[in-house]
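Engineer: Please find start23.cif (mmCIF, C-alpha atoms) on the next line:
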```
data_start
#
loop_
_atom_site.group_PDB
_atom_site.id
_atom_site.type_symbol
_atom_site.label_atom_id
_atom_site.label_comp_id
_atom_site.auth_asym_id
_atom_site.auth_seq_id
_atom_site.Cartn_x
_atom_site.Cartn_y
_atom_site.Cartn_z
ATOM 1 C CA MET A 101 84.639 -18.963 -15.878
ATOM 2 C CA ALA A 102 87.496 -20.224 -18.081
ATOM 3 C CA ARG A 103 85.043 -22.438 -19.956
ATOM 4 C CA GLY A 104 82.725 -19.459 -20.540
ATOM 5 C CA CYS A 105 85.611 -17.384 -21.966
ATOM 6 C CA LEU A 106 86.605 -20.299 -24.180
ATOM 7 C CA GLN A 107 83.076 -20.629 -25.563
ATOM 8 C CA GLY A 108 82.878 -16.891 -26.290
ATOM 9 C CA VAL A 109 86.226 -16.821 -28.118
ATOM 10 C CA LYS A 110 85.334 -20.076 -29.895
ATOM 11 C CA TYR A 111 82.173 -18.706 -31.508
ATOM 12 C CA LEU A 112 83.817 -15.369 -32.325
ATOM 13 C CA MET A 113 86.688 -17.140 -34.043
ATOM 14 C CA PHE A 114 84.335 -19.494 -35.879
ATOM 15 C CA ALA A 115 82.289 -16.527 -37.155
ATOM 16 C CA PHE A 116 85.461 -14.682 -38.176
ATOM 17 C CA ASN A 117 86.835 -17.670 -40.074
ATOM 18 C CA LEU A 118 83.481 -18.391 -41.686
ATOM 19 C CA LEU A 119 83.517 -14.856 -43.116
ATOM 20 C CA PHE A 120 87.175 -15.379 -44.051
ATOM 21 C CA TRP A 121 86.269 -18.609 -45.879
ATOM 22 C CA LEU A 122 83.299 -16.971 -47.636
ATOM 23 C CA GLY A 123 85.594 -14.139 -48.725
ATOM 24 C CA GLY A 124 87.939 -16.738 -50.222
ATOM 25 C CA CYS A 125 84.980 -18.327 -52.031
ATOM 26 C CA GLY A 126 84.085 -14.914 -53.477
ATOM 27 C CA ILE A 127 87.654 -14.251 -54.661
ATOM 28 C CA LEU A 128 87.877 -17.743 -56.184
ATOM 29 C CA GLY A 129 84.511 -17.257 -57.896
ATOM 30 C CA VAL A 130 85.591 -13.963 -59.455
ATOM 31 C CA GLY A 131 88.845 -15.581 -60.622
ATOM 32 C CA ILE A 132 86.998 -18.488 -62.254
ATOM 33 C CA TRP A 133 84.520 -16.067 -63.845
ATOM 34 C CA LEU A 134 87.384 -13.989 -65.271
ATOM 35 C CA ALA A 135 89.120 -17.121 -66.564
ATOM 36 C CA ALA A 136 85.900 -18.333 -68.218
ATOM 37 C CA THR A 137 84.688 -15.040 -69.677
ATOM 38 C CA GLN A 138 87.943 -13.133 -70.183
ATOM 39 C CA GLY A 139 90.223 -16.075 -70.904
ATOM 40 C CA ASN A 140 91.923 -14.225 -73.750
ATOM 41 C CA PHE A 141 92.932 -11.386 -71.421
ATOM 42 C CA ALA A 142 96.330 -12.315 -70.021
ATOM 43 C CA THR A 143 99.372 -10.619 -68.559
ATOM 44 C CA LEU A 144 101.397 -7.923 -70.307
ATOM 45 C CA SER A 145 104.630 -9.477 -69.032
ATOM 46 C CA SER A 146 106.723 -11.713 -71.269
ATOM 47 C CA SER A 147 108.665 -13.077 -68.277
ATOM 48 C CA PHE A 148 105.575 -14.146 -66.331
ATOM 49 C CA PRO A 149 102.967 -15.252 -68.895
ATOM 50 C CA SER A 150 100.819 -16.986 -66.248
ATOM 51 C CA LEU A 151 100.651 -13.905 -64.018
ATOM 52 C CA SER A 152 97.143 -12.871 -65.063
ATOM 53 C CA ALA A 153 94.428 -11.340 -62.895
ATOM 54 C CA ALA A 154 92.322 -14.504 -63.155
ATOM 55 C CA ASN A 155 95.163 -16.805 -62.067
ATOM 56 C CA LEU A 156 96.128 -14.525 -59.175
ATOM 57 C CA LEU A 157 92.539 -14.414 -57.919
ATOM 58 C CA ILE A 158 92.130 -18.195 -58.220
ATOM 59 C CA VAL A 159 95.336 -18.889 -56.262
ATOM 60 C CA THR A 160 94.547 -16.223 -53.641
ATOM 61 C CA GLY A 161 90.944 -17.381 -53.235
ATOM 62 C CA THR A 162 91.985 -21.029 -52.837
ATOM 63 C CA PHE A 163 94.613 -20.122 -50.243
ATOM 64 C CA VAL A 164 92.216 -17.899 -48.259
ATOM 65 C CA MET A 165 89.562 -20.645 -48.318
ATOM 66 C CA ALA A 166 92.102 -23.191 -47.046
ATOM 67 C CA ILE A 167 93.216 -20.939 -44.168
ATOM 68 C CA GLY A 168 89.594 -20.097 -43.271
ATOM 69 C CA PHE A 169 88.657 -23.798 -43.313
ATOM 70 C CA VAL A 170 91.528 -24.700 -40.979
ATOM 71 C CA GLY A 171 90.499 -21.868 -38.642
ATOM 72 C CA CYS A 172 86.822 -22.921 -38.636
ATOM 73 C CA ILE A 173 87.562 -26.566 -37.856
ATOM 74 C CA GLY A 174 90.192 -25.620 -35.283
ATOM 75 C CA ALA A 175 87.705 -23.335 -33.514
ATOM 76 C CA ILE A 176 84.717 -25.688 -33.538
ATOM 77 C CA LYS A 177 86.807 -28.723 -32.491
ATOM 78 C CA GLU A 178 88.944 -26.717 -30.044
ATOM 79 C CA ASN A 179 91.945 -28.413 -31.628
ATOM 80 C CA ARG A 180 95.291 -26.954 -30.541
ATOM 81 C CA CYS A 181 97.176 -28.317 -33.581
ATOM 82 C CA LEU A 182 94.749 -26.740 -36.083
ATOM 83 C CA LEU A 183 94.625 -23.455 -34.161
ATOM 84 C CA LEU A 184 98.412 -23.270 -34.153
ATOM 85 C CA THR A 185 98.510 -24.185 -37.871
ATOM 86 C CA PHE A 186 96.009 -21.397 -38.628
ATOM 87 C CA PHE A 187 98.075 -18.917 -36.589
ATOM 88 C CA VAL A 188 101.362 -19.873 -38.316
ATOM 89 C CA LEU A 189 99.849 -19.756 -41.836
ATOM 90 C CA LEU A 190 98.235 -16.367 -41.240
ATOM 91 C CA LEU A 191 101.416 -15.019 -39.640
ATOM 92 C CA LEU A 192 103.489 -16.178 -42.637
ATOM 93 C CA VAL A 193 101.065 -14.471 -45.048
ATOM 94 C CA PHE A 194 101.171 -11.253 -42.986
ATOM 95 C CA LEU A 195 104.999 -11.261 -42.855
ATOM 96 C CA LEU A 196 105.225 -12.027 -46.587
ATOM 97 C CA GLU A 197 102.911 -9.113 -47.433
ATOM 98 C CA ALA A 198 104.875 -6.765 -45.144
ATOM 99 C CA THR A 199 108.193 -7.882 -46.706
ATOM 100 C CA VAL A 200 106.885 -7.400 -50.260
ATOM 101 C CA ALA A 201 105.564 -3.918 -49.373
ATOM 102 C CA ILE A 202 108.881 -2.870 -47.795
ATOM 103 C CA LEU A 203 110.936 -4.208 -50.719
ATOM 104 C CA PHE A 204 108.595 -2.519 -53.214
ATOM 105 C CA PHE A 205 109.048 0.922 -51.630
ATOM 106 C CA ALA A 206 112.787 0.374 -51.093
ATOM 107 C CA TYR A 207 113.468 -0.636 -54.699
ATOM 108 C CA THR A 208 110.814 1.355 -56.573
ATOM 109 C CA ASP A 209 113.301 2.758 -59.123
ATOM 110 C CA LYS A 210 114.790 -0.656 -59.922
ATOM 111 C CA ILE A 211 111.329 -2.200 -60.200
ATOM 112 C CA ASP A 212 110.295 0.633 -62.542
ATOM 113 C CA ARG A 213 113.273 0.028 -64.838
ATOM 114 C CA TYR A 214 112.814 -3.744 -64.846
ATOM 115 C CA ALA A 215 109.064 -3.472 -65.502
ATOM 116 C CA GLN A 216 109.571 -1.146 -68.460
ATOM 117 C CA ARG A 217 112.248 -3.422 -69.989
ATOM 118 C CA ASP A 218 110.025 -6.471 -69.535
ATOM 119 C CA LEU A 219 106.989 -4.722 -71.029
ATOM 120 C CA LYS A 220 109.026 -3.627 -74.056
ATOM 121 C CA ARG A 221 110.143 -7.224 -74.600
ATOM 122 C CA GLY A 222 106.490 -8.225 -74.393
ATOM 123 C CA LEU A 223 105.611 -5.835 -77.227
ATOM 124 C CA HIS A 224 107.473 -8.132 -79.640
ATOM 125 C CA LEU A 225 104.955 -10.890 -78.870
ATOM 126 C CA TYR A 226 102.035 -8.668 -79.893
ATOM 127 C CA GLY A 227 99.953 -10.247 -82.634
ATOM 128 C CA THR A 228 102.034 -13.440 -82.730
ATOM 129 C CA PRO A 229 100.500 -16.949 -82.640
ATOM 130 C CA GLY A 230 99.759 -18.218 -79.131
ATOM 131 C CA ASN A 231 99.778 -14.718 -77.608
ATOM 132 C CA VAL A 232 96.152 -13.691 -78.069
ATOM 133 C CA GLY A 233 95.914 -12.810 -74.374
ATOM 134 C CA LEU A 234 98.867 -10.431 -74.431
ATOM 135 C CA THR A 235 97.629 -8.883 -77.694
ATOM 136 C CA ASN A 236 94.150 -8.267 -76.252
ATOM 137 C CA ALA A 237 95.627 -6.902 -73.037
ATOM 138 C CA TRP A 238 97.704 -4.288 -74.869
ATOM 139 C CA SER A 239 94.754 -3.347 -77.081
ATOM 140 C CA ILE A 240 92.503 -2.795 -74.045
ATOM 141 C CA ILE A 241 95.151 -0.818 -72.118
ATOM 142 C CA GLN A 242 95.925 1.495 -75.053
ATOM 143 C CA THR A 243 92.258 2.058 -75.879
ATOM 144 C CA ASP A 244 91.049 2.622 -72.298
ATOM 145 C CA PHE A 245 93.992 4.747 -71.121
ATOM 146 C CA ARG A 246 94.417 6.581 -74.442
ATOM 147 C CA CYS A 247 98.124 5.846 -74.604
ATOM 148 C CA CYS A 248 100.554 4.159 -76.975
ATOM 149 C CA GLY A 249 103.622 2.012 -76.263
ATOM 150 C CA VAL A 250 105.509 1.638 -72.985
ATOM 151 C CA SER A 251 107.649 4.820 -73.032
ATOM 152 C CA ASN A 252 106.086 6.342 -76.193
ATOM 153 C CA TYR A 253 104.577 5.286 -79.509
ATOM 154 C CA THR A 254 108.027 4.802 -81.093
ATOM 155 C CA ASP A 255 108.375 1.581 -79.051
ATOM 156 C CA TRP A 256 106.186 -0.048 -81.700
ATOM 157 C CA PHE A 257 108.528 0.963 -84.532
ATOM 158 C CA GLU A 258 111.040 -1.679 -83.346
ATOM 159 C CA VAL A 259 108.291 -4.300 -83.242
ATOM 160 C CA TYR A 260 107.058 -3.659 -86.795
ATOM 161 C CA ASN A 261 110.404 -2.451 -88.190
ATOM 162 C CA ALA A 262 108.388 0.385 -89.696
ATOM 163 C CA THR A 263 106.692 3.669 -88.766
ATOM 164 C CA ARG A 264 103.590 1.875 -87.566
ATOM 165 C CA VAL A 265 101.592 1.250 -84.388
ATOM 166 C CA PRO A 266 98.633 -1.042 -83.527
ATOM 167 C CA ASP A 267 95.209 0.299 -84.456
ATOM 168 C CA SER A 268 94.400 0.563 -80.705
ATOM 169 C CA CYS A 269 96.799 3.547 -80.591
ATOM 170 C CA CYS A 270 94.644 5.615 -82.949
ATOM 171 C CA LEU A 271 92.748 8.704 -81.783
ATOM 172 C CA GLU A 272 89.855 7.507 -83.934
ATOM 173 C CA PHE A 273 89.815 3.789 -84.542
ATOM 174 C CA SER A 274 89.564 2.493 -88.097
ATOM 175 C CA GLU A 275 91.014 -0.457 -89.995
ATOM 176 C CA SER A 276 94.792 -0.025 -90.531
ATOM 177 C CA CYS A 277 94.754 3.435 -88.923
ATOM 178 C CA GLY A 278 98.081 2.502 -87.304
ATOM 179 C CA LEU A 279 99.707 3.030 -90.694
ATOM 180 C CA HIS A 280 98.674 6.685 -90.807
ATOM 181 C CA ALA A 281 100.705 9.718 -89.708
ATOM 182 C CA PRO A 282 101.822 10.026 -86.027
ATOM 183 C CA GLY A 283 99.429 12.946 -85.605
ATOM 184 C CA THR A 284 96.543 10.467 -85.585
ATOM 185 C CA TRP A 285 97.931 8.403 -82.650
ATOM 186 C CA TRP A 286 97.846 8.765 -78.875
ATOM 187 C CA LYS A 287 101.103 10.307 -77.625
ATOM 188 C CA ALA A 288 100.927 9.465 -73.896
ATOM 189 C CA PRO A 289 103.211 6.629 -72.684
ATOM 190 C CA CYS A 290 101.169 3.747 -71.252
ATOM 191 C CA TYR A 291 103.552 2.986 -68.388
ATOM 192 C CA GLU A 292 103.466 6.499 -66.946
ATOM 193 C CA THR A 293 99.733 6.884 -67.668
ATOM 194 C CA VAL A 294 98.805 3.723 -65.771
ATOM 195 C CA LYS A 295 101.282 4.603 -63.012
ATOM 196 C CA MET A 296 99.647 8.039 -62.598
ATOM 197 C CA TRP A 297 96.207 6.407 -62.482
ATOM 198 C CA LEU A 298 97.401 4.112 -59.681
ATOM 199 C CA GLN A 299 98.878 7.065 -57.781
ATOM 200 C CA GLU A 300 95.588 8.946 -58.088
ATOM 201 C CA ASN A 301 93.847 5.929 -56.568
ATOM 202 C CA LEU A 302 96.542 5.385 -53.939
ATOM 203 C CA LEU A 303 94.156 6.261 -51.109
ATOM 204 C CA ALA A 304 91.794 3.442 -52.077
ATOM 205 C CA VAL A 305 94.731 1.025 -52.388
ATOM 206 C CA GLY A 306 96.055 2.167 -48.991
ATOM 207 C CA VAL A 307 92.669 1.752 -47.300
ATOM 208 C CA PHE A 308 92.313 -1.731 -48.793
ATOM 209 C CA GLY A 309 95.810 -2.679 -47.605
ATOM 210 C CA LEU A 310 95.150 -1.296 -44.117
ATOM 211 C CA CYS A 311 91.834 -3.162 -43.840
ATOM 212 C CA THR A 312 93.517 -6.387 -44.987
ATOM 213 C CA ALA A 313 96.258 -5.970 -42.370
ATOM 214 C CA LEU A 314 93.713 -5.254 -39.604
ATOM 215 C CA VAL A 315 91.673 -8.347 -40.521
ATOM 216 C CA GLN A 316 94.816 -10.486 -40.417
ATOM 217 C CA ILE A 317 95.896 -9.020 -37.056
ATOM 218 C CA LEU A 318 92.397 -9.675 -35.705
ATOM 219 C CA GLY A 319 92.613 -13.283 -36.942
ATOM 220 C CA LEU A 320 96.015 -13.732 -35.283
ATOM 221 C CA THR A 321 94.649 -12.302 -32.026
ATOM 222 C CA PHE A 322 91.607 -14.605 -32.071
ATOM 223 C CA ALA A 323 93.771 -17.643 -32.844
ATOM 224 C CA MET A 324 96.313 -17.004 -30.091
ATOM 225 C CA THR A 325 93.621 -16.100 -27.539
ATOM 226 C CA MET A 326 91.664 -19.267 -28.257
ATOM 227 C CA TYR A 327 94.807 -21.390 -28.264
ATOM 228 C CA CYS A 328 95.678 -20.082 -24.793
ATOM 229 C CA GLN A 329 92.100 -20.695 -23.600
ATOM 230 C CA VAL A 330 92.155 -24.276 -24.900
ATOM 231 C CA VAL A 331 95.496 -24.936 -23.203
ATOM 232 C CA LYS A 332 94.110 -23.470 -19.965
ATOM 233 C CA ALA A 333 90.916 -25.553 -20.201
ATOM 234 C CA ASP A 334 92.954 -28.725 -20.841
ATOM 235 C CA THR A 335 95.093 -27.911 -17.813
ATOM 236 C CA TYR A 336 91.981 -27.571 -15.601
ATOM 237 C CA ARG A 337 90.645 -30.882 -16.895
ATOM 238 C CA ALA A 338 93.940 -32.574 -16.052
#
```
Show how you would write the structure in this file as structure tokens.
Structural biologist:
Amino acid sequence: MARGCLQGVKYLMFAFNLLFWLGGCGILGVGIWLAATQGNFATLSSSFPSLSAANLLIVTGTFVMAIGFVGCIGAIKENRCLLLTFFVLLLLVFLLEATVAILFFAYTDKIDRYAQRDLKRGLHLYGTPGNVGLTNAWSIIQTDFRCCGVSNYTDWFEVYNATRVPDSCCLEFSESCGLHAPGTWWKAPCYETVKMWLQENLLAVGVFGLCTALVQILGLTFAMTMYCQVVKADTYRA
């Protein structure tokens, strides 16, 4: 009976971790694709220049693949050490995500102020050598969200030391349109515009977060159940 339960949990956990591993492969693939095709699109932050979408996806995908691989081998080999390693790694990830979420909601105002200061510092790197990624990122954000600057279009005046904005701020794009009168530029602040867009899509973000948490809890349950079954089976053998 114990052996039958072990076999059932074993194949369930193997299937779960196989899907987990394939999900990691997908995330890694998207990250590599972004790095190859959108390599010039980088972060907007001057403090964290490597914190781009492509790099985040590559690191996340690699980590998910590694955890899924450990879980698959641990399940198929019925190895207590690997099962426990899988459980601990997944538990650490779950606790880290929960801690980050709690800190984010607890210090939202401070994070807002820091993010705006950091983004404004990043504006001074716009158009400079070696910062093609940041330049392209700001151009795409301002064009797609129809906004200009972090707090407002005057943020660019400090960058250029003149009454001027990038051409991506223009209501109708044309060469050197950023030198025209303010009436021809977008007035909405990019930080608040993007923030509002995220709030409007908060339900989708919440559902994604909830699904991620449920998958991780399911993985933890499978791992601990199988670990207990393996220990029990080893005890019977002894």
Engineer: Here's a test: counting only C-alpha atoms, identify every protein, DNA and RNA residue with an atom at most 12 Å from (98.4, -14.6, -56.6) in the file's coordinate frame, and state them as a list in words.
Structural biologist: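 Protein and nucleic acid residues near the point are Ile127, Leu128, Gly131, Ser150, Leu151, Ser152, Ala153, Ala154, Asn155, Leu156, Leu157, Ile158, Val159, Thr160, Gly161, Thr162, Phe163, Val164, Val193 and Glu197 of chain A.
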Engineer: Under the rule of at most 10 Å, produce a per-residue listing of range 169-268 of chain A near range 321-334 of chain A: chain, number, name, the closest pair of atoms, and the distance in Å, as a tab-separated table, using only C-alpha atoms.
Structural biologist:
```
residue	atom	partner	partner_atom	distance
A:Gly171	CA	A:Ala323	CA	7.9
A:Gly174	CA	A:Ala323	CA	9.1
A:Ala175	CA	A:Met326	CA	7.7
A:Glu178	CA	A:Val330	CA	6.5
A:Asn179	CA	A:Val330	CA	7.9
A:Arg180	CA	A:Tyr327	CA	6.0
A:Cys181	CA	A:Tyr327	CA	9.0
A:Leu182	CA	A:Tyr327	CA	9.5
A:Leu183	CA	A:Ala323	CA	6.0
A:Leu184	CA	A:Tyr327	CA	7.2
A:Thr185	CA	A:Ala323	CA	9.5
A:Phe186	CA	A:Ala323	CA	7.2
A:Phe187	CA	A:Ala323	CA	5.8
A:Val188	CA	A:Ala323	CA	9.6
A:Leu190	CA	A:Ala323	CA	9.6
```
Engineer: Please produce an output containing C-alpha atoms for each residue in the selection, written as a PDB file, keeping the file's coordinate frame.
Structural biologist:
```
ATOM      1  CA  GLY A 171      90.499 -21.868 -38.642  1.00  0.00           C
ATOM      2  CA  GLY A 174      90.192 -25.620 -35.283  1.00  0.00           C
ATOM      3  CA  ALA A 175      87.705 -23.335 -33.514  1.00  0.00           C
ATOM      4  CA  GLU A 178      88.944 -26.717 -30.044  1.00  0.00           C
ATOM      5  CA  ASN A 179      91.945 -28.413 -31.628  1.00  0.00           C
ATOM      6  CA  ARG A 180      95.291 -26.954 -30.541  1.00  0.00           C
ATOM      7  CA  CYS A 181      97.176 -28.317 -33.581  1.00  0.00           C
ATOM      8  CA  LEU A 182      94.749 -26.740 -36.083  1.00  0.00           C
ATOM      9  CA  LEU A 183      94.625 -23.455 -34.161  1.00  0.00           C
ATOM     10  CA  LEU A 184      98.412 -23.270 -34.153  1.00  0.00           C
ATOM     11  CA  THR A 185      98.510 -24.185 -37.871  1.00  0.00           C
ATOM     12  CA  PHE A 186      96.009 -21.397 -38.628  1.00  0.00           C
ATOM     13  CA  PHE A 187      98.075 -18.917 -36.589  1.00  0.00           C
ATOM     14  CA  VAL A 188     101.362 -19.873 -38.316  1.00  0.00           C
ATOM     15  CA  LEU A 190      98.235 -16.367 -41.240  1.00  0.00           C
TER      16      LEU A 190
END
```
Engineer: For the atom pair CA of Val232 in chain A and CA of Asp218 in chain A, what is the interatomic distance in Å to one decimal place?
Structural biologist: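 It comes out at 17.8 Å.
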Engineer: Figure out the distance between CA of Gln299 in chain A and CA of Arg221 in chain A, please, to one decimal in Å.
Structural biologist: 24.8 Å
Engineer: Between CA of Gly278 in chain A and CA of Ala215 in chain A, what is the distance in Å, rounded to a tenth?
Structural biologist: 25.1 Å
Engineer: Translate the PyMOL selection byres ((chain A and resi 279) around 10), as applied to the file shown, into an explicit residue set as number ranges by chain.
Structural biologist: A: 262-267, 270, 275-278, 280-282, 284-285
Engineer: Tell me which of A:Tyr291, A:Ser274, A:Gly123, A:Ala198 sits closest to Leu219 in chain A, counting only C-alpha atoms.
Structural biologist: A:Tyr291
Engineer: For Leu118 in chain A, please output as an MDAnalysis selection string all residues within 10 Å (counting all atoms listed in the file; exclusion window: fewer than 2 positions along the same chain).
Structural biologist: chainID A and resid 112:116 120:124 165 168:169 171:173
Engineer: Translate the PyMOL selection byres ((chain A and resi 217) around 12), as applied to the file shown, into an explicit residue set as a list in words.
Structural biologist: Leu144, Ser145, Ser146, Ser147, Lys210, Ile211, Asp212, Arg213, Tyr214, Ala215, Gln216, Asp218, Leu219, Lys220, Arg221, Gly222, Leu223, His224, Gly249, Val250, Ser251, Asp255 and Tyr291 of chain A
Engineer: For range 201-203 of chain A, work out the shell of residues within 12 Å, counting all atoms listed in the file and skipping chain neighbours fewer than 5 positions away, then give it as a short mmCIF file (atom, residue, chain, number, x, y, z; two decimals) with C-alpha atoms, in the coordinates of the input.
Structural biologist:
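Resulting contents of around_29.cif:
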```cif
data_model
loop_
_atom_site.label_atom_id
_atom_site.label_comp_id
_atom_site.auth_asym_id
_atom_site.auth_seq_id
_atom_site.Cartn_x
_atom_site.Cartn_y
_atom_site.Cartn_z
CA PHE A 194 101.17 -11.25 -42.99
CA LEU A 195 105.00 -11.26 -42.86
CA LEU A 196 105.22 -12.03 -46.59
CA THR A 208 110.81 1.36 -56.57
CA ASP A 209 113.30 2.76 -59.12
CA LYS A 210 114.79 -0.66 -59.92
CA ILE A 211 111.33 -2.20 -60.20
CA GLY A 306 96.06 2.17 -48.99
CA GLY A 309 95.81 -2.68 -47.60
CA LEU A 310 95.15 -1.30 -44.12
CA ALA A 313 96.26 -5.97 -42.37
#
```
Engineer: Quick one: residues within 6 Å of Cys248 in chain A, only C-alpha atoms, excluding same-chain residues fewer than 5 positions away - as a compact mmCIF listing (two decimals) with C-alpha atoms, in the coordinates of the input?
Structural biologist:
```txt
# COMPACT_ATOMS: atom_id res chain seq x y z
CA GLN A 242 95.92 1.50 -75.05
CA TYR A 253 104.58 5.29 -79.51
CA CYS A 269 96.80 3.55 -80.59
CA TRP A 286 97.85 8.76 -78.88
CA PRO A 289 103.21 6.63 -72.68
CA CYS A 290 101.17 3.75 -71.25
```
Engineer: When you count only C-alpha atoms, which of these residues is closest to Leu191 in chain A: A:Glu292, A:Ile167, A:Tyr260, A:Glu300?
Structural biologist: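 Of A:Glu292, A:Ile167, A:Tyr260, A:Glu300, the one nearest Leu191 in chain A, counting only C-alpha atoms, is A:Ile167.
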Engineer: For Ile241 in chain A, which residue out of A:Gln107, A:Thr199, A:Ser268, A:Thr335 is the nearest one, using only C-alpha atoms?
Structural biologist: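 Of A:Gln107, A:Thr199, A:Ser268, A:Thr335, the one nearest Ile241 in chain A is A:Ser268, counting only C-alpha atoms.
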Engineer: Would you mind putting all heavy atoms back on range 258-265 of chain A and writing the result as an mmCIF file, keeping the file's coordinate frame?
Structural biologist:
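Saved as out.cif:
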```
data_model
loop_
_atom_site.group_PDB
_atom_site.id
_atom_site.type_symbol
_atom_site.label_atom_id
_atom_site.label_comp_id
_atom_site.auth_asym_id
_atom_site.auth_seq_id
_atom_site.Cartn_x
_atom_site.Cartn_y
_atom_site.Cartn_z
ATOM 1 N N GLU A 258 110.099 -0.561 -83.408
ATOM 2 C CA GLU A 258 111.040 -1.679 -83.346
ATOM 3 C C GLU A 258 110.316 -3.012 -83.547
ATOM 4 O O GLU A 258 110.898 -3.965 -84.070
ATOM 5 C CB GLU A 258 111.761 -1.688 -82.001
ATOM 6 C CG GLU A 258 112.653 -0.484 -81.761
ATOM 7 C CD GLU A 258 113.329 -0.533 -80.403
ATOM 8 O OE1 GLU A 258 113.384 -1.643 -79.811
ATOM 9 O OE2 GLU A 258 113.783 0.514 -79.927
ATOM 10 N N VAL A 259 109.074 -3.064 -83.120
ATOM 11 C CA VAL A 259 108.291 -4.300 -83.242
ATOM 12 C C VAL A 259 107.953 -4.558 -84.703
ATOM 13 O O VAL A 259 108.098 -5.687 -85.207
ATOM 14 C CB VAL A 259 106.993 -4.206 -82.401
ATOM 15 C CG1 VAL A 259 106.134 -5.458 -82.583
ATOM 16 C CG2 VAL A 259 107.334 -4.000 -80.928
ATOM 17 N N TYR A 260 107.486 -3.512 -85.398
ATOM 18 C CA TYR A 260 107.058 -3.659 -86.795
ATOM 19 C C TYR A 260 108.181 -3.401 -87.806
ATOM 20 O O TYR A 260 108.000 -3.650 -89.007
ATOM 21 C CB TYR A 260 105.911 -2.688 -87.086
ATOM 22 C CG TYR A 260 104.611 -3.054 -86.398
ATOM 23 C CD1 TYR A 260 104.111 -2.274 -85.362
ATOM 24 C CD2 TYR A 260 103.873 -4.168 -86.789
ATOM 25 C CE1 TYR A 260 102.914 -2.590 -84.730
ATOM 26 C CE2 TYR A 260 102.683 -4.499 -86.172
ATOM 27 C CZ TYR A 260 102.208 -3.702 -85.138
ATOM 28 O OH TYR A 260 101.021 -4.028 -84.517
ATOM 29 N N ASN A 261 109.318 -2.871 -87.290
ATOM 30 C CA ASN A 261 110.404 -2.451 -88.190
ATOM 31 C C ASN A 261 109.889 -1.475 -89.243
ATOM 32 O O ASN A 261 110.267 -1.528 -90.426
ATOM 33 C CB ASN A 261 111.059 -3.660 -88.877
ATOM 34 C CG ASN A 261 111.862 -4.504 -87.911
ATOM 35 O OD1 ASN A 261 112.583 -3.958 -87.070
ATOM 36 N ND2 ASN A 261 111.726 -5.819 -88.015
ATOM 37 N N ALA A 262 108.984 -0.618 -88.802
ATOM 38 C CA ALA A 262 108.388 0.385 -89.696
ATOM 39 C C ALA A 262 107.729 1.459 -88.839
ATOM 40 O O ALA A 262 107.539 1.289 -87.632
ATOM 41 C CB ALA A 262 107.349 -0.278 -90.598
ATOM 42 N N THR A 263 107.392 2.592 -89.479
ATOM 43 C CA THR A 263 106.692 3.669 -88.766
ATOM 44 C C THR A 263 105.222 3.285 -88.679
ATOM 45 O O THR A 263 104.378 3.741 -89.473
ATOM 46 C CB THR A 263 106.879 5.011 -89.512
ATOM 47 O OG1 THR A 263 108.272 5.243 -89.687
ATOM 48 C CG2 THR A 263 106.273 6.158 -88.701
ATOM 49 N N ARG A 264 104.934 2.441 -87.692
ATOM 50 C CA ARG A 264 103.590 1.875 -87.566
ATOM 51 C C ARG A 264 103.293 1.536 -86.107
ATOM 52 O O ARG A 264 104.206 1.208 -85.351
ATOM 53 C CB ARG A 264 103.481 0.613 -88.415
ATOM 54 C CG ARG A 264 102.123 -0.051 -88.362
ATOM 55 C CD ARG A 264 102.122 -1.376 -89.093
ATOM 56 N NE ARG A 264 100.831 -2.040 -88.951
ATOM 57 C CZ ARG A 264 100.559 -3.264 -89.404
ATOM 58 N NH1 ARG A 264 101.484 -3.956 -90.028
ATOM 59 N NH2 ARG A 264 99.365 -3.787 -89.229
ATOM 60 N N VAL A 265 102.036 1.622 -85.731
ATOM 61 C CA VAL A 265 101.592 1.250 -84.388
ATOM 62 C C VAL A 265 100.325 0.398 -84.518
ATOM 63 O O VAL A 265 99.693 0.377 -85.579
ATOM 64 C CB VAL A 265 101.293 2.502 -83.527
ATOM 65 C CG1 VAL A 265 102.543 3.345 -83.336
ATOM 66 C CG2 VAL A 265 100.161 3.330 -84.138
#
```
